[in-house]
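Q: What follows is final.pdb; its format and atoms are PDB, C-alpha atoms, pLDDT in the B column.
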```
ATOM      1  CA  MET A 757      52.741 140.106 152.712  1.00 37.00           C
ATOM      2  CA  ALA A 758      55.710 141.631 154.543  1.00 39.00           C
ATOM      3  CA  GLN A 759      58.510 139.204 155.369  1.00 37.00           C
ATOM      4  CA  PRO A 760      59.139 138.767 159.134  1.00 37.00           C
ATOM      5  CA  TYR A 761      62.656 138.982 160.514  1.00 34.00           C
ATOM      6  CA  GLY A 762      64.769 136.075 159.301  1.00 38.00           C
ATOM      7  CA  MET A 763      62.609 135.399 156.254  1.00 39.00           C
ATOM      8  CA  HIS A 764      64.152 135.791 152.823  1.00 41.00           C
ATOM      9  CA  THR A 765      63.416 134.930 149.228  1.00 46.00           C
ATOM     10  CA  SER A 766      64.872 131.561 148.270  1.00 46.00           C
ATOM     11  CA  SER A 767      65.835 130.054 144.945  1.00 51.00           C
ATOM     12  CA  PRO A 768      64.555 126.565 144.008  1.00 54.00           C
ATOM     13  CA  ALA A 769      67.989 125.067 144.803  1.00 61.00           C
ATOM     14  CA  THR A 770      67.737 126.171 148.442  1.00 75.00           C
ATOM     15  CA  ARG A 771      64.163 125.035 148.995  1.00 82.00           C
ATOM     16  CA  PRO A 772      63.251 121.931 150.999  1.00 93.00           C
ATOM     17  CA  THR A 773      62.782 118.447 149.564  1.00 92.00           C
ATOM     18  CA  ILE A 774      59.246 117.194 148.925  1.00 91.00           C
ATOM     19  CA  SER A 775      58.758 113.418 148.907  1.00 92.00           C
ATOM     20  CA  ASP A 776      56.502 110.467 149.741  1.00 88.00           C
ATOM     21  CA  LEU A 777      53.414 111.568 147.818  1.00 87.00           C
ATOM     22  CA  ARG A 778      50.634 109.165 148.762  1.00 90.00           C
ATOM     23  CA  ASP A 779      46.852 108.852 148.966  1.00 91.00           C
ATOM     24  CA  GLY A 780      45.247 107.855 152.246  1.00 84.00           C
ATOM     25  CA  PRO A 781      41.927 107.912 154.081  1.00 81.00           C
ATOM     26  CA  ASP A 782      42.438 111.549 155.150  1.00 77.00           C
ATOM     27  CA  GLY A 783      43.417 112.750 151.667  1.00 82.00           C
ATOM     28  CA  ARG A 784      46.571 113.107 149.592  1.00 90.00           C
ATOM     29  CA  SER A 785      49.706 113.687 151.677  1.00 93.00           C
ATOM     30  CA  PHE A 786      53.428 114.294 151.293  1.00 94.00           C
ATOM     31  CA  SER A 787      56.506 114.989 153.417  1.00 95.00           C
ATOM     32  CA  VAL A 788      58.589 118.163 153.314  1.00 96.00           C
ATOM     33  CA  HIS A 789      62.148 118.018 154.681  1.00 96.00           C
ATOM     34  CA  PHE A 790      63.895 121.320 155.444  1.00 96.00           C
ATOM     35  CA  LEU A 791      67.553 121.895 156.238  1.00 95.00           C
ATOM     36  CA  ALA A 792      68.332 124.724 158.677  1.00 92.00           C
ATOM     37  CA  GLY A 793      67.286 128.047 157.174  1.00 88.00           C
ATOM     38  CA  GLN A 794      65.475 126.594 154.156  1.00 94.00           C
ATOM     39  CA  ARG A 795      62.030 127.953 153.407  1.00 91.00           C
ATOM     40  CA  LEU A 796      59.004 127.610 151.211  1.00 93.00           C
ATOM     41  CA  PRO A 797      58.008 131.141 150.154  1.00 93.00           C
ATOM     42  CA  ASP A 798      54.480 132.521 150.280  1.00 95.00           C
ATOM     43  CA  HIS A 799      52.053 130.186 148.546  1.00 95.00           C
ATOM     44  CA  ARG A 800      48.504 128.880 148.853  1.00 94.00           C
ATOM     45  CA  ASN A 801      46.725 125.597 148.226  1.00 93.00           C
ATOM     46  CA  ALA A 802      43.434 125.117 146.398  1.00 92.00           C
ATOM     47  CA  SER A 803      42.239 122.725 149.134  1.00 91.00           C
ATOM     48  CA  ARG A 804      42.197 122.758 152.921  1.00 94.00           C
ATOM     49  CA  ILE A 805      45.485 121.483 154.350  1.00 95.00           C
ATOM     50  CA  ARG A 806      46.860 120.147 157.617  1.00 96.00           C
ATOM     51  CA  ILE A 807      50.560 120.686 158.351  1.00 97.00           C
ATOM     52  CA  MET A 808      52.086 118.614 161.170  1.00 97.00           C
ATOM     53  CA  ALA A 809      55.639 118.850 162.496  1.00 97.00           C
ATOM     54  CA  VAL A 810      57.122 115.343 162.449  1.00 96.00           C
ATOM     55  CA  GLU A 811      60.586 116.221 163.731  1.00 95.00           C
ATOM     56  CA  GLY A 812      62.506 119.397 164.499  1.00 96.00           C
ATOM     57  CA  GLU A 813      61.052 122.864 164.748  1.00 96.00           C
ATOM     58  CA  GLY A 814      60.087 125.484 162.227  1.00 96.00           C
ATOM     59  CA  MET A 815      57.952 128.521 161.684  1.00 96.00           C
ATOM     60  CA  ILE A 816      54.754 128.957 159.722  1.00 97.00           C
ATOM     61  CA  ILE A 817      53.719 132.462 158.737  1.00 97.00           C
ATOM     62  CA  ILE A 818      50.014 132.755 157.952  1.00 97.00           C
ATOM     63  CA  GLU A 819      48.677 135.822 156.193  1.00 95.00           C
ATOM     64  CA  GLY A 820      46.553 137.836 158.587  1.00 94.00           C
ATOM     65  CA  LEU A 821      47.605 135.767 161.627  1.00 95.00           C
ATOM     66  CA  GLY A 822      51.398 136.180 161.721  1.00 96.00           C
ATOM     67  CA  ALA A 823      54.160 133.753 162.671  1.00 97.00           C
ATOM     68  CA  ARG A 824      53.884 130.634 164.799  1.00 96.00           C
ATOM     69  CA  THR A 825      56.483 128.042 165.796  1.00 96.00           C
ATOM     70  CA  LEU A 826      55.531 124.466 164.925  1.00 96.00           C
ATOM     71  CA  GLY A 827      57.326 121.477 166.433  1.00 95.00           C
ATOM     72  CA  GLY A 828      56.919 118.359 168.535  1.00 89.00           C
ATOM     73  CA  GLY A 829      53.934 116.841 166.736  1.00 94.00           C
ATOM     74  CA  GLU A 830      52.009 120.125 166.657  1.00 97.00           C
ATOM     75  CA  ALA A 831      49.698 120.695 163.712  1.00 97.00           C
ATOM     76  CA  VAL A 832      47.856 123.547 162.076  1.00 97.00           C
ATOM     77  CA  GLN A 833      44.958 123.378 159.630  1.00 96.00           C
ATOM     78  CA  LEU A 834      44.445 126.029 156.959  1.00 96.00           C
ATOM     79  CA  GLU A 835      41.399 126.678 154.843  1.00 94.00           C
ATOM     80  CA  ALA A 836      41.755 126.709 151.054  1.00 94.00           C
ATOM     81  CA  ASN A 837      43.614 129.637 149.485  1.00 95.00           C
ATOM     82  CA  VAL A 838      45.198 130.954 152.703  1.00 96.00           C
ATOM     83  CA  THR A 839      48.624 132.426 151.920  1.00 97.00           C
ATOM     84  CA  HIS A 840      51.389 130.989 154.087  1.00 98.00           C
ATOM     85  CA  SER A 841      55.124 130.292 154.145  1.00 97.00           C
ATOM     86  CA  LEU A 842      57.299 127.851 156.102  1.00 96.00           C
ATOM     87  CA  GLU A 843      60.889 128.106 157.351  1.00 95.00           C
ATOM     88  CA  ALA A 844      63.104 125.753 159.361  1.00 95.00           C
ATOM     89  CA  CYS A 845      64.493 127.249 162.562  1.00 89.00           C
ATOM     90  CA  SER A 846      68.006 126.329 163.697  1.00 86.00           C
ATOM     91  CA  GLY A 847      68.072 122.696 162.547  1.00 92.00           C
ATOM     92  CA  GLU A 848      66.408 120.214 160.228  1.00 95.00           C
ATOM     93  CA  TRP A 849      62.618 120.163 160.177  1.00 96.00           C
ATOM     94  CA  GLN A 850      60.216 117.654 158.679  1.00 97.00           C
ATOM     95  CA  VAL A 851      56.514 118.252 158.202  1.00 97.00           C
ATOM     96  CA  GLU A 852      53.697 116.114 156.882  1.00 96.00           C
ATOM     97  CA  VAL A 853      51.193 117.956 154.678  1.00 96.00           C
ATOM     98  CA  VAL A 854      47.729 116.508 154.047  1.00 95.00           C
ATOM     99  CA  LEU A 855      45.489 117.946 151.325  1.00 93.00           C
ATOM    100  CA  LEU A 856      42.122 117.463 152.993  1.00 91.00           C
ATOM    101  CA  PRO A 857      38.971 116.575 151.073  1.00 82.00           C
ATOM    102  CA  ALA A 858      36.045 118.999 151.118  1.00 71.00           C
ATOM    103  CA  CYS A 859      34.203 118.810 154.434  1.00 70.00           C
ATOM    104  CA  CYS A 860      30.812 119.719 152.947  1.00 64.00           C
ATOM    105  CA  PRO A 861      29.195 120.565 149.582  1.00 59.00           C
ATOM    106  CA  GLY A 862      29.962 124.266 150.155  1.00 60.00           C
ATOM    107  CA  CYS A 863      33.693 123.478 150.346  1.00 57.00           C
ATOM    108  CA  ALA A 864      33.813 121.475 147.106  1.00 52.00           C
TER     109      ALA A 864
END
```
As structure tokens, what does this structure read like?
A:
Amino acid sequence: MAQPYGMHTSSPATRPTISDLRDGPDGRSFSVHFLAGQRLPDHRNASRIRIMAVEGEGMIIIEGLGARTLGGGEAVQLEANVTHSLEACSGEWQVEVVLLPACCPGCA
């Protein structure tokens, strides 16, 4: 996947902080806290996921769909194995990620 303007490869030391791993009624979730300019490079999850902006603003780049700004409580849901990356815009950005359970036997 080509990197959009402003996207760059990051080392583990410059990646965001992942914390608050917990299990809940909607599935397993965790928080990701980005400092300005930090990014999670292209990756995919084995399960469906929901990513919600808790505070600040950032960008999600979804393979085949392009870039989208995510802020102010906005959320996006991705199916399993969709390649995506995340990057904070000009300030700090916090997102909540929920690993969603299978919605039907075909998704298991």
Q: Need the shell around stretch 825-839 of chain A: protein/DNA/RNA residues with any atom at most 10 Å away, counting all atoms listed in the file. Skip same-chain ones fewer than 4 positions apart. Format as number ranges by chain?
A: A: 757, 797-820, 843-845, 849-856, 858, 863
Q: With only C-alpha atoms as the atoms that count, which of A:Leu842, A:Cys859, A:Ile774, A:Leu821 lies nearest to A:His789?
A: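 Ranking A:Leu842, A:Cys859, A:Ile774, A:Leu821 by distance to A:His789, first place goes to A:Ile774.
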Q: Measure the distance from atom CA of A:Ser787 to atom CA of A:His840 in Å and round it to one decimal.
A: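 The value is 16.8 Å.
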Q: Suppose you want the space between atom CA of A:Arg824 and atom CA of A:Ser785; what is it in Å?
A: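 Straight-line distance from atom CA of A:Arg824 to atom CA of A:Ser785 works out to 21.8 Å.
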Q: Enclose all atoms of stretch 824-834 of chain A listed in the file in an axis-aligned box, grow every side by 3 Å, and hand back centre and edge lengths in Å to one decimal, as AutoDock Vina command-line options.
A:
```
--center_x 50.9 --center_y 123.7 --center_z 162.7 --size_x 18.9 --size_y 19.8 --size_z 17.6
```
Q: So the first atom is atom CA of A:Leu796 and the second is atom CA of A:Thr770; what is the distance between them in Å, to one decimal place?
A: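 According to the coordinates, atom CA of A:Leu796 and atom CA of A:Thr770 are separated by 9.3 Å.
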Q: With distances taken over only C-alpha atoms, which of A:Ser841, A:Pro772, A:Gly822, A:Gly780 is nearest to A:Ala792?
A: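 Distance minimum relative to A:Ala792 lands on A:Pro772.
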Q: Tell me which residues come within 6 Å of (64.9, 123.1, 151.9), as a VMD selection string, counting all atoms listed in the file in the file's coordinates.
A: chain A and resid 770 to 773 790 to 791 794 to 795
Q: Determine the residue membership of the PyMOL selection byres ((chain A and resi 776) around 7) for the file above and supply it as a list in words.
A: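 Selected by the PyMOL selection byres ((chain A and resi 776) around 7) in this file: Ser775, Leu777, Arg778, Phe786 and Ser787 of chain A.
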